[in-house]
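Colleague: Got a file for you: query12.txt, compact mmCIF, N, CA, C and O atoms.
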# COMPACT_ATOMS: atom_id res chain seq x y z
N MET R 172 0.84 -1.17 0.00
CA MET R 172 0.00 0.00 0.00
C MET R 172 0.89 1.24 0.00
O MET R 172 1.94 1.26 0.58
N HIS R 173 0.42 2.28 -0.68
CA HIS R 173 1.15 3.54 -0.76
C HIS R 173 0.32 4.64 -0.10
O HIS R 173 -0.44 5.34 -0.76
N PRO R 174 0.44 4.80 1.21
CA PRO R 174 -0.34 5.85 1.85
C PRO R 174 0.14 7.22 1.40
O PRO R 174 1.31 7.42 1.11
N GLY R 175 -0.76 8.16 1.31
CA GLY R 175 -0.40 9.50 0.90
C GLY R 175 -1.62 10.26 0.44
O GLY R 175 -2.74 9.75 0.48
N SER R 176 -1.40 11.48 -0.02
CA SER R 176 -2.53 12.32 -0.37
C SER R 176 -3.33 11.76 -1.56
O SER R 176 -4.55 11.88 -1.59
N ALA R 177 -2.68 11.15 -2.54
CA ALA R 177 -3.41 10.58 -3.68
C ALA R 177 -4.30 9.44 -3.22
O ALA R 177 -5.46 9.35 -3.62
N SER R 178 -3.78 8.57 -2.37
CA SER R 178 -4.58 7.46 -1.86
C SER R 178 -5.77 7.96 -1.06
O SER R 178 -6.89 7.47 -1.20
N THR R 179 -5.54 8.97 -0.24
CA THR R 179 -6.61 9.54 0.57
C THR R 179 -7.68 10.14 -0.33
O THR R 179 -8.89 9.95 -0.11
N GLU R 180 -7.27 10.86 -1.35
CA GLU R 180 -8.22 11.47 -2.29
C GLU R 180 -9.01 10.41 -3.04
O GLU R 180 -10.22 10.52 -3.20
N LEU R 181 -8.34 9.37 -3.49
CA LEU R 181 -9.02 8.31 -4.24
C LEU R 181 -10.05 7.59 -3.37
O LEU R 181 -11.11 7.21 -3.85
N GLU R 182 -9.73 7.39 -2.11
CA GLU R 182 -10.67 6.71 -1.22
C GLU R 182 -11.97 7.48 -1.07
O GLU R 182 -13.02 6.89 -0.81
N SER R 183 -11.93 8.80 -1.26
CA SER R 183 -13.13 9.61 -1.07
C SER R 183 -13.93 9.82 -2.35
O SER R 183 -15.01 10.40 -2.31
N LEU R 184 -13.43 9.35 -3.51
CA LEU R 184 -14.15 9.56 -4.76
C LEU R 184 -15.38 8.66 -4.86
O LEU R 184 -15.33 7.49 -4.50
N PRO R 185 -16.47 9.20 -5.37
CA PRO R 185 -17.70 8.40 -5.54
C PRO R 185 -17.67 7.61 -6.85
O PRO R 185 -18.18 8.05 -7.88
N PHE R 186 -17.05 6.45 -6.84
CA PHE R 186 -16.87 5.67 -8.07
C PHE R 186 -18.19 5.26 -8.70
O PHE R 186 -18.24 5.02 -9.89
N HIS R 187 -19.25 5.20 -7.91
CA HIS R 187 -20.54 4.81 -8.49
C HIS R 187 -21.01 5.79 -9.56
O HIS R 187 -21.70 5.42 -10.47
N TRP R 188 -20.63 7.07 -9.49
CA TRP R 188 -20.99 7.97 -10.58
C TRP R 188 -19.83 8.28 -11.51
O TRP R 188 -20.02 8.74 -12.62
N LEU R 189 -18.59 8.03 -11.11
CA LEU R 189 -17.46 8.21 -12.02
C LEU R 189 -17.53 7.23 -13.18
O LEU R 189 -17.00 7.50 -14.26
N GLN R 190 -18.18 6.08 -12.98
CA GLN R 190 -18.25 5.06 -14.03
C GLN R 190 -19.00 5.55 -15.26
O GLN R 190 -18.90 4.96 -16.32
N ASP R 191 -19.76 6.63 -15.13
CA ASP R 191 -20.52 7.17 -16.25
C ASP R 191 -19.75 8.24 -17.02
O ASP R 191 -20.24 8.74 -18.03
N TRP R 192 -18.57 8.61 -16.57
CA TRP R 192 -17.82 9.70 -17.19
C TRP R 192 -16.59 9.17 -17.92
O TRP R 192 -15.88 8.30 -17.41
N LEU R 193 -16.33 9.74 -19.08
CA LEU R 193 -15.08 9.46 -19.78
C LEU R 193 -14.00 10.31 -19.13
O LEU R 193 -14.14 11.53 -19.05
N LEU R 194 -12.96 9.68 -18.62
CA LEU R 194 -11.88 10.39 -17.94
C LEU R 194 -10.56 10.13 -18.62
O LEU R 194 -10.42 9.18 -19.39
N CYS R 195 -9.58 10.98 -18.36
CA CYS R 195 -8.21 10.70 -18.80
C CYS R 195 -7.34 10.48 -17.59
O CYS R 195 -7.42 11.20 -16.60
N LEU R 196 -6.56 9.46 -17.69
CA LEU R 196 -5.65 9.06 -16.64
C LEU R 196 -4.25 9.19 -17.21
O LEU R 196 -3.88 8.46 -18.12
N ASP R 197 -3.48 10.15 -16.71
CA ASP R 197 -2.10 10.33 -17.16
C ASP R 197 -1.22 9.48 -16.27
O ASP R 197 -1.25 9.61 -15.04
N VAL R 198 -0.46 8.58 -16.89
CA VAL R 198 0.35 7.63 -16.12
C VAL R 198 1.80 7.61 -16.60
O VAL R 198 2.09 7.84 -17.78
N GLU R 199 2.67 7.31 -15.66
CA GLU R 199 4.09 7.12 -15.95
C GLU R 199 4.28 5.66 -16.35
O GLU R 199 3.88 4.77 -15.62
N CYS R 200 4.89 5.43 -17.51
CA CYS R 200 5.09 4.07 -18.02
C CYS R 200 6.57 3.78 -18.22
O CYS R 200 7.34 4.67 -18.53
N GLY R 201 6.92 2.52 -18.07
CA GLY R 201 8.28 2.10 -18.32
C GLY R 201 9.13 2.05 -17.07
O GLY R 201 8.67 2.34 -15.97
N GLU R 202 10.37 1.63 -17.27
CA GLU R 202 11.30 1.50 -16.15
C GLU R 202 12.03 2.80 -15.91
O GLU R 202 12.42 3.49 -16.86
N ARG R 203 12.19 3.11 -14.65
CA ARG R 203 12.93 4.32 -14.29
C ARG R 203 14.41 4.09 -14.50
O ARG R 203 14.87 2.98 -14.33
N PRO R 204 15.16 5.05 -14.90
CA PRO R 204 14.85 6.46 -15.04
C PRO R 204 14.34 6.85 -16.42
O PRO R 204 14.20 8.02 -16.71
N GLU R 205 14.06 5.90 -17.29
CA GLU R 205 13.67 6.22 -18.67
C GLU R 205 12.17 6.04 -18.87
O GLU R 205 11.72 5.36 -19.80
N THR R 206 11.38 6.69 -18.05
CA THR R 206 9.93 6.57 -18.17
C THR R 206 9.38 7.56 -19.18
O THR R 206 10.03 8.55 -19.53
N VAL R 207 8.17 7.29 -19.65
CA VAL R 207 7.43 8.20 -20.52
C VAL R 207 6.03 8.35 -19.94
O VAL R 207 5.58 7.51 -19.16
N LEU R 208 5.37 9.41 -20.31
CA LEU R 208 4.00 9.61 -19.88
C LEU R 208 3.04 9.23 -20.99
O LEU R 208 3.31 9.50 -22.16
N HIS R 209 1.95 8.57 -20.62
CA HIS R 209 0.88 8.26 -21.56
C HIS R 209 -0.44 8.70 -20.96
O HIS R 209 -0.60 8.71 -19.73
N ARG R 210 -1.37 9.03 -21.82
CA ARG R 210 -2.71 9.40 -21.40
C ARG R 210 -3.64 8.25 -21.78
O ARG R 210 -3.72 7.87 -22.95
N LEU R 211 -4.32 7.70 -20.80
CA LEU R 211 -5.29 6.63 -21.02
C LEU R 211 -6.69 7.22 -20.91
O LEU R 211 -6.96 8.02 -20.02
N TYR R 212 -7.59 6.80 -21.81
CA TYR R 212 -8.97 7.26 -21.78
C TYR R 212 -9.88 6.10 -21.43
O TYR R 212 -9.70 4.99 -21.92
N GLY R 213 -10.86 6.36 -20.60
CA GLY R 213 -11.82 5.32 -20.25
C GLY R 213 -12.60 5.69 -19.02
O GLY R 213 -12.66 6.86 -18.62
N THR R 214 -13.19 4.69 -18.41
CA THR R 214 -13.96 4.91 -17.18
C THR R 214 -13.24 4.26 -16.01
O THR R 214 -12.73 3.14 -16.12
N VAL R 215 -13.18 4.98 -14.93
CA VAL R 215 -12.56 4.47 -13.71
C VAL R 215 -13.65 3.78 -12.92
O VAL R 215 -14.66 4.38 -12.58
N THR R 216 -13.45 2.50 -12.66
CA THR R 216 -14.51 1.72 -12.01
C THR R 216 -14.30 1.51 -10.52
O THR R 216 -15.26 1.29 -9.81
N SER R 217 -13.04 1.53 -10.08
CA SER R 217 -12.82 1.31 -8.64
C SER R 217 -11.40 1.67 -8.24
O SER R 217 -10.52 1.83 -9.07
N TYR R 218 -11.24 1.79 -6.95
CA TYR R 218 -9.92 1.96 -6.34
C TYR R 218 -9.81 0.91 -5.25
O TYR R 218 -10.71 0.76 -4.43
N GLU R 219 -8.73 0.15 -5.26
CA GLU R 219 -8.51 -0.90 -4.27
C GLU R 219 -7.49 -0.41 -3.24
O GLU R 219 -6.29 -0.44 -3.49
N PRO R 220 -7.96 0.08 -2.08
CA PRO R 220 -7.02 0.64 -1.10
C PRO R 220 -6.01 -0.37 -0.56
O PRO R 220 -4.90 0.00 -0.21
N ASP R 221 -6.38 -1.65 -0.52
CA ASP R 221 -5.44 -2.66 -0.01
C ASP R 221 -4.23 -2.84 -0.90
O ASP R 221 -3.14 -3.15 -0.43
N THR R 222 -4.42 -2.63 -2.21
CA THR R 222 -3.31 -2.82 -3.15
C THR R 222 -2.85 -1.50 -3.77
O THR R 222 -1.84 -1.48 -4.46
N SER R 223 -3.63 -0.44 -3.58
CA SER R 223 -3.36 0.89 -4.17
C SER R 223 -3.37 0.84 -5.69
O SER R 223 -2.53 1.44 -6.36
N TRP R 224 -4.35 0.13 -6.25
CA TRP R 224 -4.53 0.07 -7.69
C TRP R 224 -5.87 0.69 -8.06
O TRP R 224 -6.88 0.47 -7.38
N VAL R 225 -5.89 1.46 -9.16
CA VAL R 225 -7.10 2.00 -9.75
C VAL R 225 -7.46 1.11 -10.93
O VAL R 225 -6.59 0.75 -11.73
N MET R 226 -8.74 0.77 -11.05
CA MET R 226 -9.19 -0.03 -12.19
C MET R 226 -9.80 0.89 -13.24
O MET R 226 -10.65 1.72 -12.92
N LEU R 227 -9.33 0.76 -14.47
CA LEU R 227 -9.77 1.58 -15.59
C LEU R 227 -10.25 0.66 -16.70
O LEU R 227 -9.56 -0.30 -17.06
N VAL R 228 -11.43 0.97 -17.26
CA VAL R 228 -11.91 0.27 -18.45
C VAL R 228 -11.65 1.21 -19.63
O VAL R 228 -12.33 2.24 -19.77
N PRO R 229 -10.64 0.90 -20.46
CA PRO R 229 -10.30 1.78 -21.58
C PRO R 229 -11.43 1.86 -22.60
O PRO R 229 -12.24 0.95 -22.73
N THR R 230 -11.45 2.96 -23.36
CA THR R 230 -12.43 3.11 -24.43
C THR R 230 -12.21 2.03 -25.48
O THR R 230 -11.15 1.40 -25.54
N GLY R 231 -13.22 1.83 -26.30
CA GLY R 231 -13.09 0.88 -27.41
C GLY R 231 -13.39 -0.55 -27.04
O GLY R 231 -13.06 -1.46 -27.80
N GLY R 232 -13.96 -0.79 -25.86
CA GLY R 232 -14.33 -2.15 -25.48
C GLY R 232 -13.18 -3.01 -24.99
O GLY R 232 -13.29 -4.23 -24.95
N HIS R 233 -12.08 -2.40 -24.62
CA HIS R 233 -10.93 -3.15 -24.11
C HIS R 233 -11.21 -3.65 -22.69
O HIS R 233 -11.98 -3.03 -21.96
N PRO R 234 -10.58 -4.74 -22.28
CA PRO R 234 -10.77 -5.23 -20.91
C PRO R 234 -10.18 -4.25 -19.89
O PRO R 234 -9.28 -3.47 -20.21
N ALA R 235 -10.69 -4.32 -18.68
CA ALA R 235 -10.23 -3.46 -17.59
C ALA R 235 -8.74 -3.70 -17.31
O ALA R 235 -8.24 -4.82 -17.46
N ILE R 236 -8.06 -2.64 -16.91
CA ILE R 236 -6.66 -2.74 -16.51
C ILE R 236 -6.50 -2.11 -15.13
O ILE R 236 -7.25 -1.23 -14.74
N GLY R 237 -5.51 -2.58 -14.40
CA GLY R 237 -5.17 -2.00 -13.11
C GLY R 237 -3.97 -1.09 -13.26
O GLY R 237 -3.01 -1.42 -13.96
N VAL R 238 -4.04 0.07 -12.61
CA VAL R 238 -2.93 1.03 -12.66
C VAL R 238 -2.51 1.33 -11.22
O VAL R 238 -3.34 1.75 -10.42
N PRO R 239 -1.25 1.12 -10.87
CA PRO R 239 -0.81 1.43 -9.51
C PRO R 239 -0.82 2.93 -9.26
O PRO R 239 -0.42 3.72 -10.12
N VAL R 240 -1.29 3.31 -8.09
CA VAL R 240 -1.43 4.73 -7.75
C VAL R 240 -0.12 5.48 -7.88
O VAL R 240 -0.10 6.61 -8.36
N HIS R 241 1.00 4.86 -7.52
CA HIS R 241 2.26 5.59 -7.58
C HIS R 241 2.71 5.90 -9.00
O HIS R 241 3.65 6.66 -9.21
N ARG R 242 2.03 5.37 -10.02
CA ARG R 242 2.33 5.68 -11.41
C ARG R 242 1.37 6.72 -12.01
O ARG R 242 1.54 7.17 -13.12
N ILE R 243 0.34 7.12 -11.25
CA ILE R 243 -0.64 8.07 -11.74
C ILE R 243 -0.12 9.50 -11.55
O ILE R 243 0.28 9.88 -10.47
N VAL R 244 -0.13 10.26 -12.64
CA VAL R 244 0.27 11.66 -12.61
C VAL R 244 -0.97 12.54 -12.43
O VAL R 244 -0.95 13.49 -11.67
N ALA R 245 -2.05 12.21 -13.13
CA ALA R 245 -3.28 13.00 -13.04
C ALA R 245 -4.48 12.15 -13.46
O ALA R 245 -4.36 11.26 -14.29
N LEU R 246 -5.62 12.48 -12.87
CA LEU R 246 -6.90 11.89 -13.24
C LEU R 246 -7.85 13.06 -13.45
O LEU R 246 -8.15 13.79 -12.51
N THR R 247 -8.27 13.26 -14.70
CA THR R 247 -9.09 14.43 -15.02
C THR R 247 -10.16 14.07 -16.04
O THR R 247 -10.12 13.00 -16.66
N GLY R 248 -11.07 15.00 -16.25
CA GLY R 248 -11.99 14.90 -17.37
C GLY R 248 -11.30 15.49 -18.59
O GLY R 248 -10.20 16.02 -18.51
N ASP R 249 -11.93 15.38 -19.73
CA ASP R 249 -11.38 15.95 -20.95
C ASP R 249 -12.50 16.70 -21.65
O ASP R 249 -13.36 16.09 -22.27
N ARG R 250 -12.50 18.01 -21.53
CA ARG R 250 -13.59 18.82 -22.08
C ARG R 250 -13.67 18.75 -23.59
O ARG R 250 -14.73 18.94 -24.17
N GLN R 251 -12.55 18.51 -24.26
CA GLN R 251 -12.55 18.49 -25.72
C GLN R 251 -13.09 17.18 -26.29
O GLN R 251 -13.55 17.14 -27.40
N ARG R 252 -12.98 16.12 -25.51
CA ARG R 252 -13.37 14.79 -26.00
C ARG R 252 -14.23 14.13 -24.93
O ARG R 252 -13.71 13.59 -23.97
N ARG R 253 -15.52 14.12 -25.11
CA ARG R 253 -16.40 13.61 -24.07
C ARG R 253 -17.02 12.26 -24.38
O ARG R 253 -17.44 11.57 -23.48
N SER R 254 -17.12 11.89 -25.62
CA SER R 254 -17.81 10.64 -25.92
C SER R 254 -16.81 9.57 -26.36
O SER R 254 -15.74 9.86 -26.88
N GLU R 255 -17.19 8.32 -26.15
CA GLU R 255 -16.29 7.21 -26.43
C GLU R 255 -15.83 7.18 -27.88
O GLU R 255 -14.70 6.83 -28.18
N GLY R 256 -16.68 7.57 -28.80
CA GLY R 256 -16.32 7.54 -30.20
C GLY R 256 -15.28 8.57 -30.60
O GLY R 256 -14.73 8.52 -31.70
N GLN R 257 -14.96 9.51 -29.72
CA GLN R 257 -14.04 10.58 -30.07
C GLN R 257 -12.63 10.37 -29.55
O GLN R 257 -11.77 11.17 -29.83
N VAL R 258 -12.37 9.35 -28.78
CA VAL R 258 -11.04 9.21 -28.17
C VAL R 258 -10.45 7.84 -28.43
O VAL R 258 -11.17 6.85 -28.53
N PRO R 259 -9.13 7.77 -28.51
CA PRO R 259 -8.47 6.47 -28.58
C PRO R 259 -8.40 5.88 -27.18
O PRO R 259 -8.74 6.54 -26.19
N ALA R 260 -7.98 4.65 -27.07
CA ALA R 260 -7.80 4.05 -25.74
C ALA R 260 -6.61 4.68 -25.03
O ALA R 260 -6.61 4.83 -23.82
N HIS R 261 -5.58 5.07 -25.80
CA HIS R 261 -4.40 5.71 -25.20
C HIS R 261 -3.69 6.53 -26.25
O HIS R 261 -3.92 6.38 -27.45
N GLU R 262 -2.83 7.44 -25.79
CA GLU R 262 -2.01 8.24 -26.69
C GLU R 262 -0.83 8.79 -25.90
O GLU R 262 -0.88 8.84 -24.66
N PRO R 263 0.23 9.17 -26.59
CA PRO R 263 1.35 9.79 -25.86
C PRO R 263 0.90 11.06 -25.17
O PRO R 263 0.02 11.77 -25.67
N TYR R 264 1.49 11.35 -24.07
CA TYR R 264 1.16 12.54 -23.30
C TYR R 264 1.79 13.75 -23.96
O TYR R 264 2.96 13.75 -24.29
N ASP R 265 0.98 14.80 -24.17
CA ASP R 265 1.53 15.99 -24.82
C ASP R 265 1.54 17.21 -23.90
O ASP R 265 1.73 18.31 -24.35
N GLY R 266 1.35 16.99 -22.61
CA GLY R 266 1.43 18.08 -21.66
C GLY R 266 0.16 18.83 -21.61
O GLY R 266 -0.15 19.74 -21.09
Could you render the structure from this file as C-alpha cells?
Modeller:
Amino acid sequence: MHPGSASTELESLPFHWLQDWLLCLDVECGERPETVLHRLYGTVTSYEPDTSWVMLVPTGGHPAIGVPVHRIVALTGDRQRRSEGQVPAHEPYDG
C-alpha cells in the first residue's frame, strides 16, 4: 500500500458515478529512469485501497486494466473529448 494524499483522495471519490464519465488518466510508463507519460482514456470503475490500484476500463471495449497509484500523474476529465467515439484508448502525453 502507498499511503499519501493521492490514496486519501481516491478513497473519497464516488466511483458509483465516475463510471458514467469518460476520464483521462495520465500515467508514468516504463522502467525508471527512462519513463514516458501516456494518457489513457476510459472509465474508472474502482480503487482498491489494499493494493493501491485504480481499475480503468479503456475506451473501445478493451478489458479493464489496473494502474498502480504511484504511477498516476493526473486523473481528469477531458472537455474536448467527451464521448467514447471521439477518443483512442491511449495516446502519448503531450502536456
Colleague: Find the residues around range 225-242 of chain R up to 4.5 Å (only N, CA, C and O atoms counted), leave out those fewer than 6 positions away in its own chain, and share them as a PDB file with N, CA, C and O atoms, in the frame of the given file.
Modeller:
ATOM      1  N   ASP R 197      -3.480  10.150 -16.710  1.00  0.00           N
ATOM      2  CA  ASP R 197      -2.100  10.330 -17.160  1.00  0.00           C
ATOM      3  C   ASP R 197      -1.220   9.480 -16.270  1.00  0.00           C
ATOM      4  O   ASP R 197      -1.250   9.610 -15.040  1.00  0.00           O
ATOM      5  N   VAL R 198      -0.460   8.580 -16.890  1.00  0.00           N
ATOM      6  CA  VAL R 198       0.350   7.630 -16.120  1.00  0.00           C
ATOM      7  C   VAL R 198       1.800   7.610 -16.600  1.00  0.00           C
ATOM      8  O   VAL R 198       2.090   7.840 -17.780  1.00  0.00           O
ATOM      9  N   GLU R 199       2.670   7.310 -15.660  1.00  0.00           N
ATOM     10  CA  GLU R 199       4.090   7.120 -15.950  1.00  0.00           C
ATOM     11  C   GLU R 199       4.280   5.660 -16.350  1.00  0.00           C
ATOM     12  O   GLU R 199       3.880   4.770 -15.620  1.00  0.00           O
ATOM     13  N   TYR R 212      -7.590   6.800 -21.810  1.00  0.00           N
ATOM     14  CA  TYR R 212      -8.970   7.260 -21.780  1.00  0.00           C
ATOM     15  C   TYR R 212      -9.880   6.100 -21.430  1.00  0.00           C
ATOM     16  O   TYR R 212      -9.700   4.990 -21.920  1.00  0.00           O
ATOM     17  N   GLY R 213     -10.860   6.360 -20.600  1.00  0.00           N
ATOM     18  CA  GLY R 213     -11.820   5.320 -20.250  1.00  0.00           C
ATOM     19  C   GLY R 213     -12.600   5.690 -19.020  1.00  0.00           C
ATOM     20  O   GLY R 213     -12.660   6.860 -18.620  1.00  0.00           O
ATOM     21  N   THR R 214     -13.190   4.690 -18.410  1.00  0.00           N
ATOM     22  CA  THR R 214     -13.960   4.910 -17.180  1.00  0.00           C
ATOM     23  C   THR R 214     -13.240   4.260 -16.010  1.00  0.00           C
ATOM     24  O   THR R 214     -12.730   3.140 -16.120  1.00  0.00           O
ATOM     25  N   VAL R 215     -13.180   4.980 -14.930  1.00  0.00           N
ATOM     26  CA  VAL R 215     -12.560   4.470 -13.710  1.00  0.00           C
ATOM     27  C   VAL R 215     -13.650   3.780 -12.920  1.00  0.00           C
ATOM     28  O   VAL R 215     -14.660   4.380 -12.580  1.00  0.00           O
ATOM     29  N   THR R 216     -13.450   2.500 -12.660  1.00  0.00           N
ATOM     30  CA  THR R 216     -14.510   1.720 -12.010  1.00  0.00           C
ATOM     31  C   THR R 216     -14.300   1.510 -10.520  1.00  0.00           C
ATOM     32  O   THR R 216     -15.260   1.290  -9.810  1.00  0.00           O
ATOM     33  N   SER R 217     -13.040   1.530 -10.080  1.00  0.00           N
ATOM     34  CA  SER R 217     -12.820   1.310  -8.640  1.00  0.00           C
ATOM     35  C   SER R 217     -11.400   1.670  -8.240  1.00  0.00           C
ATOM     36  O   SER R 217     -10.520   1.830  -9.070  1.00  0.00           O
ATOM     37  N   TYR R 218     -11.240   1.790  -6.950  1.00  0.00           N
ATOM     38  CA  TYR R 218      -9.920   1.960  -6.340  1.00  0.00           C
ATOM     39  C   TYR R 218      -9.810   0.910  -5.250  1.00  0.00           C
ATOM     40  O   TYR R 218     -10.710   0.760  -4.430  1.00  0.00           O
ATOM     41  N   ALA R 260      -7.980   4.650 -27.070  1.00  0.00           N
ATOM     42  CA  ALA R 260      -7.800   4.050 -25.740  1.00  0.00           C
ATOM     43  C   ALA R 260      -6.610   4.680 -25.030  1.00  0.00           C
ATOM     44  O   ALA R 260      -6.610   4.830 -23.820  1.00  0.00           O
TER      45      ALA R 260
END
Colleague: Name the residues of range 172-247 of chain R that come out as strand (DSSP E or B) in a backbone DSSP run; write them as a PyMOL selection string.
Modeller: chain R and resi 194-200+207-219+224-229+236-239+243-247
Colleague: Separation of CA of Leu193 in chain R and CA of Thr222 in chain R, in Å?
Modeller: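 Here the two named atoms are 23.8 Å from each other.
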Colleague: Would you please work out which residue, of R:Leu196, R:Gly248, R:Ser223, R:Thr179, is nearest to Leu208 in chain R when using all atoms listed in the file?
Modeller: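 Checking each candidate against Leu208 in chain R, we get R:Leu196 as the closest.
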Colleague: Atom O of Thr206 in chain R and CA of Leu246 in chain R, how far apart in Å?
Modeller: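 Computing the Euclidean distance for CA of Leu246 in chain R and atom O of Thr206 in chain R yields 18.4 Å.
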